[in-house]
Amino acid sequence: MTVSNAEIASIFTQMADLLEIRGEDPFRTRAYRNAARTIENLGKDLSKMVEAGEDISKIPTIGERIANKIREIVQTGRLAKLEYLKHSFPPHLLDILKIEGIGPKRAKILYQELHIGSLDALRKAAEAHKISQLRGFSEKMEQKILKGTMLAKKEGKRFLYSVAEPHAEALETYLKKFSGAEQVTVAGSFRRRKETVGDLDILATSKDPAKLIDYFVDYPGIKEIVSHGDTRSTVILNSDLQVDLRCVQAESYGAALHYFTGSKSHNIAVRIMARDMGMKVNEYGLFKDGKRIAGATEAEMYEGVGLRYIEPELRESRGEHTAARENRLPKLVKQTRIRGDLHMHTHYSDGHNSIEEMALAAKEHGYEYIAITDHSKHMSIVRGMDEKRAREQMAEIDRINAELKGISILKSVELDILEDGSLALPDSVLKEMDLVVAAVHDHFGLTQKMQTRRILKALENPYVKILVHPTGRLIGEREPYKVNMKQLFKGVTDNGCFLEINAQPKRLDLNDIYAKRAKEAGVRFAISTDSHNAASLDYMKYGVYQARRGWLEEKDVINTLSLLKLKKLLG
DNA sequence: GCCGTTTTCGGCCCGACTGTTTTCAGTCG
């Protein structure tokens, strides 16, 4: 059966939590957590690897015993050992670990002394002042727990990158105004340009860290100060976004930037490499025999452990350490190399601007070309174009192209792929266009086999060139539809087609993991904004970030080509 | 439970903040 990597990782995390509450060997529980983290970041489907008979115990942090457990999970959908463990505890005990300040040790005490086995029971015990009577708990702790049970449900909320971005910029501006602040950088998953951000991790250098921290906690818009130390503080903004600030000395800036940028698994791998070379890495530097030998810049930190500099977008433990050691890191695509935008709408369908307005805005962005890709007629809700209106639009584009200097408009359409894989407009009109991009907009619930066959059939049409938002997901709102990605990648290359990386902050589709796999399968890409108004042409940067996280280089992205070369490629 | 050009045994990333156990454990990132 198909079990997702996230589900498998969750099983091992639960194993670790329960074993820890039971007081087992901490290194054994850590082994489960390491395995869970590896699986979350794997980028390949474990179920499929197992079914293909691959030796998954070759994966770092996964040994023979965990490999066997993974096989059991893939075959049966469950892990007998976890089911057994769960029987010794109340079913909702793990929920109380989500409360700030409660870890396995305190959970164990609460369970053993007061038989607390759920958030509800925890709240009632706190209200009855039973918790403050336990050894190791105080009145203050009890209040903190009570507060925690009230807001527990919001746990795990992540923010779209584009939502976190204005907060990050405002905080950076605020902190830089402080006279003692020297360098201020928003690090963490934000710096890695991850599609969603759990919190903001800000790093600053200052001669007087404590004063800068004091200034930080005065930031307007703070709802709660979680911690407030001499070099480090955590606050929660009114928007519920958590922000950590860490202050270091300039000689440690690179080490701290590395530490605070993560990812956690990337950092751990670097630390282990250092340890194996007889050195030590922490947020203050790289140390040999107790002496700092690097730390001011990230580059010298990497160099110190024998690695090339690794761009933040690559720091996800997806092979970047080996690539850096062997000097074969990708030269990541840059936004400045994007020469055009190949997906946007006008008031011919559901866009809010005219063709000319979109073209002028694109020219402002320095582009050489754009493609106008209004919806085809199947999408009645968005006033899609039939053949007649498509031809009217092409005539208008010809007129504007003749008048407008400095930018070229490609005649295009976002063509609906119907349920059976046929297309919403006939070849007779498609052949008059410069570019046809195709998309799935309905019947998301087809079986994987049917959905895959549907899309592959559409790609076989000689005029279809780009499959846009290839998996249909909306971050936090809609799961991707089921499609066999390996077959999809083959269909794309076999038919001389390309995949889109859609730059809408909610789509970012393909995502980073699939982009990397597609590239490895020989696929090339278009990064486009899918703009419905002139302002959202700015979304291009989000698409480029996602492409960079997928290890894409300039040569992998077709809209870095000149118009001449692009037209030749599109045939 | 994982892992190994020092090792199949004996290690396992590292440090800040909090609270209260006056010297450190628990939690967190």
# chains A, B, ... in the order shown; residues from 1 in each chain; ligands from 1
$ interface_residues --of "chain A" --to "chain B" --cutoff "8 Å" --atoms "only C-alpha atoms (C1' of nucleotides)" --output "ChimeraX atom specification"
/A:27-29,31-32,61-63,65-66,101-103,105,136,227-229,232,268,271-272,282
$ residues_around --residues "stretch 510-512 of chain A" --least-positions-apart "4" --cutoff "6 Å" --atoms "only C-alpha atoms (C1' of nucleotides)" --output "VMD selection string"
chain A and resid 501 546 549 to 550
$ residues_around --residues "stretch 13-20 of chain A" --least-positions-apart "3" --cutoff "10 Å" --atoms "only C-alpha atoms (C1' of nucleotides)" --output "PyMOL selection string"
chain A and resi 7-10+23-37+79+81-83+85-86+88-89+93-94+97+103-105+107-108
$ write_last_selection --atoms "N, CA and C atoms" --output "compact mmCIF listing (two decimals), in the first residue's frame"
# COMPACT_ATOMS: atom_id res chain seq x y z
N GLU A 7 3.76 10.31 6.70
CA GLU A 7 3.10 9.38 7.63
C GLU A 7 4.12 8.47 8.30
N ILE A 8 5.09 8.01 7.53
CA ILE A 8 6.12 7.13 8.10
C ILE A 8 6.94 7.90 9.13
N ALA A 9 7.30 9.14 8.77
CA ALA A 9 8.09 9.97 9.71
C ALA A 9 7.31 10.18 10.99
N SER A 10 6.00 10.42 10.86
CA SER A 10 5.17 10.66 12.04
C SER A 10 5.15 9.44 12.96
N GLY A 23 11.19 6.69 29.43
CA GLY A 23 12.51 6.81 30.02
C GLY A 23 13.55 5.90 29.40
N GLU A 24 13.38 5.55 28.15
CA GLU A 24 14.34 4.68 27.47
C GLU A 24 15.65 5.44 27.17
N ASP A 25 16.62 4.69 26.71
CA ASP A 25 17.91 5.25 26.32
C ASP A 25 17.72 6.45 25.38
N PRO A 26 18.21 7.62 25.80
CA PRO A 26 17.98 8.83 24.99
C PRO A 26 18.57 8.72 23.58
N PHE A 27 19.62 7.93 23.43
CA PHE A 27 20.24 7.83 22.10
C PHE A 27 19.40 6.96 21.17
N ARG A 28 18.67 6.06 21.76
CA ARG A 28 17.79 5.23 20.95
C ARG A 28 16.62 6.09 20.44
N THR A 29 16.08 6.91 21.35
CA THR A 29 14.98 7.77 20.90
C THR A 29 15.48 8.77 19.87
N ARG A 30 16.71 9.21 20.05
CA ARG A 30 17.26 10.16 19.07
C ARG A 30 17.40 9.49 17.70
N ALA A 31 17.74 8.20 17.71
CA ALA A 31 17.87 7.47 16.44
C ALA A 31 16.54 7.49 15.68
N TYR A 32 15.43 7.33 16.42
CA TYR A 32 14.12 7.41 15.76
C TYR A 32 13.86 8.81 15.22
N ARG A 33 14.24 9.82 16.00
CA ARG A 33 14.01 11.20 15.53
C ARG A 33 14.87 11.49 14.30
N ASN A 34 16.13 11.03 14.33
CA ASN A 34 17.00 11.23 13.16
C ASN A 34 16.40 10.59 11.93
N ALA A 35 15.87 9.38 12.10
CA ALA A 35 15.28 8.68 10.97
C ALA A 35 14.05 9.44 10.46
N ALA A 36 13.23 9.94 11.40
CA ALA A 36 12.02 10.69 11.00
C ALA A 36 12.41 11.92 10.18
N ARG A 37 13.45 12.62 10.63
CA ARG A 37 13.88 13.83 9.93
C ARG A 37 14.42 13.48 8.54
N LEU A 79 2.63 0.03 12.43
CA LEU A 79 3.81 -0.54 13.05
C LEU A 79 3.37 -1.19 14.35
N LYS A 81 4.87 -2.45 16.82
CA LYS A 81 5.56 -2.03 18.04
C LYS A 81 4.98 -0.71 18.58
N LEU A 82 4.62 0.20 17.66
CA LEU A 82 4.03 1.46 18.10
C LEU A 82 2.64 1.21 18.68
N GLU A 83 1.85 0.35 18.02
CA GLU A 83 0.50 0.03 18.52
C GLU A 83 0.61 -0.53 19.94
N LEU A 85 3.09 -0.10 22.11
CA LEU A 85 3.51 0.96 23.03
C LEU A 85 2.34 1.85 23.42
N LYS A 86 1.53 2.17 22.42
CA LYS A 86 0.40 3.07 22.65
C LYS A 86 -0.57 2.50 23.68
N SER A 88 0.09 1.09 26.38
CA SER A 88 0.50 1.35 27.77
C SER A 88 0.20 2.78 28.20
N PHE A 89 -0.29 3.61 27.26
CA PHE A 89 -0.54 5.01 27.60
C PHE A 89 -1.93 5.42 27.15
N LEU A 93 -2.13 11.13 25.17
CA LEU A 93 -1.04 11.63 26.02
C LEU A 93 -0.06 12.51 25.24
N LEU A 94 0.23 12.12 24.00
CA LEU A 94 1.24 12.86 23.23
C LEU A 94 0.80 14.29 22.95
N LEU A 97 2.50 17.10 24.89
CA LEU A 97 3.87 17.52 24.53
C LEU A 97 3.86 18.80 23.70
N GLY A 103 7.89 18.68 28.05
CA GLY A 103 8.58 17.70 27.22
C GLY A 103 8.29 16.31 27.79
N PRO A 104 9.04 15.33 27.37
CA PRO A 104 8.78 13.95 27.81
C PRO A 104 8.92 13.75 29.33
N LYS A 105 9.91 14.41 29.93
CA LYS A 105 10.13 14.21 31.36
C LYS A 105 8.93 14.69 32.18
N ALA A 107 5.93 15.26 31.02
CA ALA A 107 4.75 14.48 30.64
C ALA A 107 4.69 13.20 31.47
N LYS A 108 5.85 12.58 31.65
CA LYS A 108 5.91 11.34 32.42
C LYS A 108 5.43 11.57 33.86
$ select_by_dssp --residues "stretch 219-358 of chain A" --states "strand (DSSP E)" --output "ChimeraX atom specification"
/A:222-228,232-237,242-248,279-282,285-288,291-294,340-341
$ residues_around --residues "stretch 304-308 of chain A" --least-positions-apart "2" --cutoff "7 Å" --atoms "only C-alpha atoms (C1' of nucleotides)" --output "PyMOL selection string"
chain A and resi 273-274+294+300-302+310+324-325+327
$ write_last_selection --atoms "all heavy atoms" --output "short mmCIF file (atom, residue, chain, number, x, y, z; two decimals), in the first residue's frame"
data_model
loop_
_atom_site.label_atom_id
_atom_site.label_comp_id
_atom_site.auth_asym_id
_atom_site.auth_seq_id
_atom_site.Cartn_x
_atom_site.Cartn_y
_atom_site.Cartn_z
N MET A 273 30.71 16.20 10.32
CA MET A 273 31.92 16.22 9.50
C MET A 273 33.07 16.85 10.27
O MET A 273 34.21 16.35 10.24
CB MET A 273 31.66 17.01 8.20
CG MET A 273 30.71 16.31 7.25
SD MET A 273 30.26 17.35 5.84
CE MET A 273 31.79 17.34 4.98
N ALA A 274 32.77 17.95 10.96
CA ALA A 274 33.81 18.63 11.74
C ALA A 274 34.33 17.72 12.84
O ALA A 274 35.54 17.59 13.05
CB ALA A 274 33.25 19.92 12.33
N ALA A 294 37.84 29.46 12.32
CA ALA A 294 36.95 30.10 11.35
C ALA A 294 35.70 30.57 12.08
O ALA A 294 35.44 30.14 13.20
CB ALA A 294 36.57 29.14 10.23
N GLU A 300 34.17 30.65 5.10
CA GLU A 300 35.33 30.06 5.79
C GLU A 300 34.91 28.90 6.70
O GLU A 300 35.71 28.00 6.95
CB GLU A 300 36.14 31.12 6.54
CG GLU A 300 35.46 31.71 7.76
CD GLU A 300 36.32 32.79 8.44
OE1 GLU A 300 36.97 33.56 7.71
OE2 GLU A 300 36.33 32.84 9.68
N MET A 301 33.67 28.92 7.16
CA MET A 301 33.18 27.77 7.92
C MET A 301 33.14 26.53 7.04
O MET A 301 33.62 25.46 7.42
CB MET A 301 31.76 28.05 8.44
CG MET A 301 31.66 29.14 9.49
SD MET A 301 32.42 28.69 11.06
CE MET A 301 31.31 27.39 11.62
N TYR A 302 32.54 26.71 5.84
CA TYR A 302 32.47 25.57 4.91
C TYR A 302 33.87 25.12 4.49
O TYR A 302 34.19 23.93 4.47
CB TYR A 302 31.64 25.94 3.68
CG TYR A 302 30.15 25.90 3.93
CD1 TYR A 302 29.37 27.06 3.86
CD2 TYR A 302 29.51 24.71 4.24
CE1 TYR A 302 28.01 27.02 4.09
CE2 TYR A 302 28.14 24.66 4.47
CZ TYR A 302 27.39 25.82 4.39
OH TYR A 302 26.05 25.78 4.61
N ILE A 310 27.83 26.62 0.26
CA ILE A 310 26.53 26.06 -0.14
C ILE A 310 25.46 27.15 0.00
O ILE A 310 25.29 27.72 1.08
CB ILE A 310 26.17 24.83 0.72
CG1 ILE A 310 27.23 23.74 0.55
CG2 ILE A 310 24.79 24.31 0.37
CD1 ILE A 310 27.07 22.56 1.49
N ALA A 324 29.10 19.52 -2.55
CA ALA A 324 30.04 20.58 -2.19
C ALA A 324 31.45 20.05 -2.02
O ALA A 324 32.42 20.70 -2.39
CB ALA A 324 29.59 21.27 -0.89
N ARG A 325 31.55 18.84 -1.50
CA ARG A 325 32.87 18.24 -1.32
C ARG A 325 33.49 17.90 -2.67
O ARG A 325 34.68 18.04 -2.88
CB ARG A 325 32.74 16.98 -0.45
CG ARG A 325 34.08 16.44 0.05
CD ARG A 325 33.90 15.46 1.19
NE ARG A 325 32.84 14.51 0.91
CZ ARG A 325 31.84 14.24 1.74
NH1 ARG A 325 31.76 14.85 2.90
NH2 ARG A 325 30.92 13.36 1.42
N ASN A 327 32.84 19.37 -5.47
CA ASN A 327 32.83 20.55 -6.33
C ASN A 327 31.89 20.39 -7.53
O ASN A 327 32.24 20.71 -8.66
CB ASN A 327 34.26 20.86 -6.83
CG ASN A 327 34.34 22.25 -7.43
OD1 ASN A 327 33.47 23.09 -7.17
ND2 ASN A 327 35.35 22.49 -8.24
#
$ residues_around --residues "A:Val440" --least-positions-apart "2" --cutoff "10 Å" --atoms "only C-alpha atoms (C1' of nucleotides)" --output "PDB file with all heavy atoms, in the first residue's frame"
ATOM      1  N   GLU A 414      -4.080  29.378 -22.042  1.00  0.00           N
ATOM      2  CA  GLU A 414      -4.007  28.341 -21.001  1.00  0.00           C
ATOM      3  C   GLU A 414      -5.146  27.377 -21.292  1.00  0.00           C
ATOM      4  O   GLU A 414      -6.304  27.625 -20.969  1.00  0.00           O
ATOM      5  CB  GLU A 414      -4.139  28.927 -19.597  1.00  0.00           C
ATOM      6  CG  GLU A 414      -4.041  27.829 -18.527  1.00  0.00           C
ATOM      7  CD  GLU A 414      -4.075  28.353 -17.093  1.00  0.00           C
ATOM      8  OE1 GLU A 414      -4.190  29.590 -16.912  1.00  0.00           O
ATOM      9  OE2 GLU A 414      -4.005  27.539 -16.157  1.00  0.00           O
ATOM     10  N   LEU A 415      -4.778  26.292 -21.932  1.00  0.00           N
ATOM     11  CA  LEU A 415      -5.730  25.374 -22.525  1.00  0.00           C
ATOM     12  C   LEU A 415      -6.160  24.319 -21.518  1.00  0.00           C
ATOM     13  O   LEU A 415      -5.321  23.676 -20.882  1.00  0.00           O
ATOM     14  CB  LEU A 415      -5.039  24.711 -23.719  1.00  0.00           C
ATOM     15  CG  LEU A 415      -5.827  23.754 -24.582  1.00  0.00           C
ATOM     16  CD1 LEU A 415      -6.980  24.463 -25.275  1.00  0.00           C
ATOM     17  CD2 LEU A 415      -4.888  23.137 -25.625  1.00  0.00           C
ATOM     18  N   ASP A 416      -7.466  24.134 -21.401  1.00  0.00           N
ATOM     19  CA  ASP A 416      -7.961  23.125 -20.468  1.00  0.00           C
ATOM     20  C   ASP A 416      -7.743  21.715 -20.987  1.00  0.00           C
ATOM     21  O   ASP A 416      -8.052  21.421 -22.139  1.00  0.00           O
ATOM     22  CB  ASP A 416      -9.456  23.329 -20.228  1.00  0.00           C
ATOM     23  CG  ASP A 416      -9.688  24.216 -19.046  1.00  0.00           C
ATOM     24  OD1 ASP A 416      -9.456  23.757 -17.922  1.00  0.00           O
ATOM     25  OD2 ASP A 416     -10.057  25.391 -19.260  1.00  0.00           O
ATOM     26  N   ILE A 417      -7.224  20.870 -20.097  1.00  0.00           N
ATOM     27  CA  ILE A 417      -7.150  19.445 -20.389  1.00  0.00           C
ATOM     28  C   ILE A 417      -8.442  18.832 -19.866  1.00  0.00           C
ATOM     29  O   ILE A 417      -8.722  18.901 -18.667  1.00  0.00           O
ATOM     30  CB  ILE A 417      -5.928  18.797 -19.697  1.00  0.00           C
ATOM     31  CG1 ILE A 417      -4.634  19.474 -20.162  1.00  0.00           C
ATOM     32  CG2 ILE A 417      -5.898  17.296 -19.969  1.00  0.00           C
ATOM     33  CD1 ILE A 417      -3.386  18.996 -19.435  1.00  0.00           C
ATOM     34  N   LEU A 418      -9.265  18.294 -20.761  1.00  0.00           N
ATOM     35  CA  LEU A 418     -10.555  17.747 -20.343  1.00  0.00           C
ATOM     36  C   LEU A 418     -10.355  16.395 -19.654  1.00  0.00           C
ATOM     37  O   LEU A 418      -9.255  15.837 -19.659  1.00  0.00           O
ATOM     38  CB  LEU A 418     -11.482  17.617 -21.552  1.00  0.00           C
ATOM     39  CG  LEU A 418     -11.633  18.906 -22.384  1.00  0.00           C
ATOM     40  CD1 LEU A 418     -12.672  18.720 -23.490  1.00  0.00           C
ATOM     41  CD2 LEU A 418     -12.010  20.105 -21.512  1.00  0.00           C
ATOM     42  N   GLU A 419     -11.427  15.890 -19.088  1.00  0.00           N
ATOM     43  CA  GLU A 419     -11.330  14.692 -18.250  1.00  0.00           C
ATOM     44  C   GLU A 419     -10.676  13.509 -18.972  1.00  0.00           C
ATOM     45  O   GLU A 419      -9.917  12.736 -18.376  1.00  0.00           O
ATOM     46  CB  GLU A 419     -12.713  14.279 -17.736  1.00  0.00           C
ATOM     47  CG  GLU A 419     -12.629  13.159 -16.707  1.00  0.00           C
ATOM     48  CD  GLU A 419     -13.998  12.738 -16.192  1.00  0.00           C
ATOM     49  OE1 GLU A 419     -15.006  13.314 -16.658  1.00  0.00           O
ATOM     50  OE2 GLU A 419     -14.053  11.841 -15.334  1.00  0.00           O
ATOM     51  N   GLY A 421      -8.488  13.730 -21.372  1.00  0.00           N
ATOM     52  CA  GLY A 421      -7.188  14.069 -21.948  1.00  0.00           C
ATOM     53  C   GLY A 421      -7.289  14.818 -23.275  1.00  0.00           C
ATOM     54  O   GLY A 421      -6.275  15.240 -23.827  1.00  0.00           O
ATOM     55  N   ALA A 438      -0.861  24.149 -21.129  1.00  0.00           N
ATOM     56  CA  ALA A 438      -2.037  23.347 -20.807  1.00  0.00           C
ATOM     57  C   ALA A 438      -2.123  23.109 -19.311  1.00  0.00           C
ATOM     58  O   ALA A 438      -1.113  23.120 -18.605  1.00  0.00           O
ATOM     59  CB  ALA A 438      -1.984  22.021 -21.550  1.00  0.00           C
ATOM     60  N   ASP A 442     -10.008  20.676 -13.283  1.00  0.00           N
ATOM     61  CA  ASP A 442     -11.167  20.000 -12.680  1.00  0.00           C
ATOM     62  C   ASP A 442     -10.895  18.500 -12.606  1.00  0.00           C
ATOM     63  O   ASP A 442      -9.833  18.035 -13.032  1.00  0.00           O
ATOM     64  CB  ASP A 442     -12.430  20.290 -13.501  1.00  0.00           C
ATOM     65  CG  ASP A 442     -12.267  19.899 -14.963  1.00  0.00           C
ATOM     66  OD1 ASP A 442     -11.305  19.184 -15.290  1.00  0.00           O
ATOM     67  OD2 ASP A 442     -13.099  20.321 -15.776  1.00  0.00           O
ATOM     68  N   HIS A 443     -11.858  17.775 -12.067  1.00  0.00           N
ATOM     69  CA  HIS A 443     -11.692  16.330 -11.887  1.00  0.00           C
ATOM     70  C   HIS A 443     -10.354  16.023 -11.194  1.00  0.00           C
ATOM     71  O   HIS A 443      -9.555  15.215 -11.659  1.00  0.00           O
ATOM     72  CB  HIS A 443     -11.790  15.589 -13.230  1.00  0.00           C
ATOM     73  CG  HIS A 443     -13.150  15.722 -13.854  1.00  0.00           C
ATOM     74  ND1 HIS A 443     -13.432  16.659 -14.830  1.00  0.00           N
ATOM     75  CD2 HIS A 443     -14.305  15.071 -13.602  1.00  0.00           C
ATOM     76  CE1 HIS A 443     -14.705  16.566 -15.168  1.00  0.00           C
ATOM     77  NE2 HIS A 443     -15.259  15.621 -14.434  1.00  0.00           N
ATOM     78  N   PHE A 444     -10.152  16.696 -10.052  1.00  0.00           N
ATOM     79  CA  PHE A 444      -8.917  16.482  -9.290  1.00  0.00           C
ATOM     80  C   PHE A 444      -8.902  15.099  -8.636  1.00  0.00           C
ATOM     81  O   PHE A 444      -7.859  14.624  -8.223  1.00  0.00           O
ATOM     82  CB  PHE A 444      -8.786  17.537  -8.183  1.00  0.00           C
ATOM     83  CG  PHE A 444      -8.667  18.943  -8.714  1.00  0.00           C
ATOM     84  CD1 PHE A 444      -9.606  19.909  -8.363  1.00  0.00           C
ATOM     85  CD2 PHE A 444      -7.626  19.300  -9.555  1.00  0.00           C
ATOM     86  CE1 PHE A 444      -9.502  21.205  -8.849  1.00  0.00           C
ATOM     87  CE2 PHE A 444      -7.521  20.592 -10.046  1.00  0.00           C
ATOM     88  CZ  PHE A 444      -8.463  21.543  -9.697  1.00  0.00           C
ATOM     89  N   GLN A 451      -5.587   9.956 -13.966  1.00  0.00           N
ATOM     90  CA  GLN A 451      -5.063  11.328 -14.025  1.00  0.00           C
ATOM     91  C   GLN A 451      -3.782  11.364 -14.844  1.00  0.00           C
ATOM     92  O   GLN A 451      -3.568  12.277 -15.657  1.00  0.00           O
ATOM     93  CB  GLN A 451      -4.797  11.823 -12.589  1.00  0.00           C
ATOM     94  CG  GLN A 451      -4.597  13.303 -12.456  1.00  0.00           C
ATOM     95  CD  GLN A 451      -5.877  14.087 -12.705  1.00  0.00           C
ATOM     96  OE1 GLN A 451      -6.172  14.457 -13.840  1.00  0.00           O
ATOM     97  NE2 GLN A 451      -6.657  14.326 -11.656  1.00  0.00           N
ATOM     98  N   ARG A 454      -4.601  10.892 -18.503  1.00  0.00           N
ATOM     99  CA  ARG A 454      -5.232  12.124 -18.993  1.00  0.00           C
ATOM    100  C   ARG A 454      -4.179  13.158 -19.387  1.00  0.00           C
ATOM    101  O   ARG A 454      -4.215  13.722 -20.486  1.00  0.00           O
ATOM    102  CB  ARG A 454      -6.116  12.665 -17.866  1.00  0.00           C
ATOM    103  CG  ARG A 454      -6.663  14.051 -18.085  1.00  0.00           C
ATOM    104  CD  ARG A 454      -7.273  14.579 -16.774  1.00  0.00           C
ATOM    105  NE  ARG A 454      -8.043  15.803 -16.969  1.00  0.00           N
ATOM    106  CZ  ARG A 454      -8.590  16.489 -15.973  1.00  0.00           C
ATOM    107  NH1 ARG A 454      -8.482  16.062 -14.721  1.00  0.00           N
ATOM    108  NH2 ARG A 454      -9.270  17.597 -16.229  1.00  0.00           N
ATOM    109  N   ILE A 455      -3.220  13.379 -18.500  1.00  0.00           N
ATOM    110  CA  ILE A 455      -2.214  14.415 -18.751  1.00  0.00           C
ATOM    111  C   ILE A 455      -1.255  13.987 -19.871  1.00  0.00           C
ATOM    112  O   ILE A 455      -0.924  14.783 -20.755  1.00  0.00           O
ATOM    113  CB  ILE A 455      -1.442  14.745 -17.449  1.00  0.00           C
ATOM    114  CG1 ILE A 455      -2.405  15.341 -16.419  1.00  0.00           C
ATOM    115  CG2 ILE A 455      -0.298  15.702 -17.733  1.00  0.00           C
ATOM    116  CD1 ILE A 455      -1.816  15.518 -15.034  1.00  0.00           C
ATOM    117  N   ALA A 458      -2.701  14.604 -23.211  1.00  0.00           N
ATOM    118  CA  ALA A 458      -2.684  16.027 -23.593  1.00  0.00           C
ATOM    119  C   ALA A 458      -1.296  16.445 -24.084  1.00  0.00           C
ATOM    120  O   ALA A 458      -1.161  17.205 -25.045  1.00  0.00           O
ATOM    121  CB  ALA A 458      -3.109  16.887 -22.406  1.00  0.00           C
ATOM    122  N   LEU A 467       3.252  22.287 -19.448  1.00  0.00           N
ATOM    123  CA  LEU A 467       2.217  21.896 -18.487  1.00  0.00           C
ATOM    124  C   LEU A 467       2.342  22.843 -17.293  1.00  0.00           C
ATOM    125  O   LEU A 467       3.378  22.874 -16.637  1.00  0.00           O
ATOM    126  CB  LEU A 467       2.410  20.443 -18.043  1.00  0.00           C
ATOM    127  CG  LEU A 467       1.383  19.935 -17.019  1.00  0.00           C
ATOM    128  CD1 LEU A 467      -0.014  19.843 -17.632  1.00  0.00           C
ATOM    129  CD2 LEU A 467       1.802  18.575 -16.452  1.00  0.00           C
ATOM    130  N   VAL A 468       1.288  23.630 -17.075  1.00  0.00           N
ATOM    131  CA  VAL A 468       1.382  24.645 -16.008  1.00  0.00           C
ATOM    132  C   VAL A 468       0.744  24.147 -14.719  1.00  0.00           C
ATOM    133  O   VAL A 468      -0.099  23.259 -14.734  1.00  0.00           O
ATOM    134  CB  VAL A 468       0.757  25.994 -16.455  1.00  0.00           C
ATOM    135  CG1 VAL A 468       1.501  26.531 -17.673  1.00  0.00           C
ATOM    136  CG2 VAL A 468      -0.723  25.869 -16.737  1.00  0.00           C
ATOM    137  N   HIS A 469       1.172  24.752 -13.597  1.00  0.00           N
ATOM    138  CA  HIS A 469       0.890  24.232 -12.240  1.00  0.00           C
ATOM    139  C   HIS A 469       0.640  22.721 -12.286  1.00  0.00           C
ATOM    140  O   HIS A 469      -0.475  22.237 -12.069  1.00  0.00           O
ATOM    141  CB  HIS A 469      -0.205  24.999 -11.500  1.00  0.00           C
ATOM    142  CG  HIS A 469      -1.427  25.399 -12.297  1.00  0.00           C
ATOM    143  ND1 HIS A 469      -2.376  24.500 -12.679  1.00  0.00           N
ATOM    144  CD2 HIS A 469      -1.833  26.598 -12.767  1.00  0.00           C
ATOM    145  CE1 HIS A 469      -3.336  25.126 -13.342  1.00  0.00           C
ATOM    146  NE2 HIS A 469      -3.027  26.401 -13.418  1.00  0.00           N
ATOM    147  N   PRO A 470       1.728  21.966 -12.481  1.00  0.00           N
ATOM    148  CA  PRO A 470       1.620  20.545 -12.849  1.00  0.00           C
ATOM    149  C   PRO A 470       0.946  19.635 -11.824  1.00  0.00           C
ATOM    150  O   PRO A 470       0.481  18.564 -12.203  1.00  0.00           O
ATOM    151  CB  PRO A 470       3.089  20.113 -13.038  1.00  0.00           C
ATOM    152  CG  PRO A 470       3.824  21.368 -13.302  1.00  0.00           C
ATOM    153  CD  PRO A 470       3.133  22.440 -12.522  1.00  0.00           C
ATOM    154  N   THR A 471       0.893  19.997 -10.555  1.00  0.00           N
ATOM    155  CA  THR A 471       0.246  19.089  -9.596  1.00  0.00           C
ATOM    156  C   THR A 471      -1.034  19.671  -8.990  1.00  0.00           C
ATOM    157  O   THR A 471      -1.713  18.989  -8.216  1.00  0.00           O
ATOM    158  CB  THR A 471       1.189  18.700  -8.428  1.00  0.00           C
ATOM    159  OG1 THR A 471       1.317  19.814  -7.529  1.00  0.00           O
ATOM    160  CG2 THR A 471       2.562  18.280  -8.935  1.00  0.00           C
ATOM    161  N   GLY A 472      -1.343  20.940  -9.306  1.00  0.00           N
ATOM    162  CA  GLY A 472      -2.624  21.510  -8.888  1.00  0.00           C
ATOM    163  C   GLY A 472      -2.762  21.832  -7.416  1.00  0.00           C
ATOM    164  O   GLY A 472      -3.831  22.211  -6.962  1.00  0.00           O
ATOM    165  N   TYR A 481      -3.245  16.724  -6.987  1.00  0.00           N
ATOM    166  CA  TYR A 481      -3.969  15.551  -7.474  1.00  0.00           C
ATOM    167  C   TYR A 481      -2.988  14.406  -7.673  1.00  0.00           C
ATOM    168  O   TYR A 481      -1.771  14.613  -7.725  1.00  0.00           O
ATOM    169  CB  TYR A 481      -4.759  15.857  -8.749  1.00  0.00           C
ATOM    170  CG  TYR A 481      -4.074  16.692  -9.787  1.00  0.00           C
ATOM    171  CD1 TYR A 481      -3.057  16.178 -10.584  1.00  0.00           C
ATOM    172  CD2 TYR A 481      -4.468  18.008  -9.991  1.00  0.00           C
ATOM    173  CE1 TYR A 481      -2.442  16.946 -11.552  1.00  0.00           C
ATOM    174  CE2 TYR A 481      -3.856  18.793 -10.954  1.00  0.00           C
ATOM    175  CZ  TYR A 481      -2.831  18.256 -11.722  1.00  0.00           C
ATOM    176  OH  TYR A 481      -2.215  19.028 -12.664  1.00  0.00           O
TER     177      TYR A 481
END
$ residues_around --residues "A:Leu508" --least-positions-apart "6" --cutoff "9 Å" --atoms "only C-alpha atoms (C1' of nucleotides)" --output "list in words"
Glu195, His469, Arg473, Leu474, Ile475, Ile501, Asn502, Tyr542, Gly543 and Gln546 of chain A
$ residues_around --residues "A:Met141" --least-positions-apart "6" --cutoff "12 Å" --atoms "only C-alpha atoms (C1' of nucleotides)" --output "number ranges by chain"
A: 99-102, 106, 126, 129-135, 147-148; B: 18-20
$ closest_residue --among "A:Tyr259, A:Leu286, A:Asn559, A:Asp386" --to "A:Ala371" --atoms "only C-alpha atoms"
A:Asn559
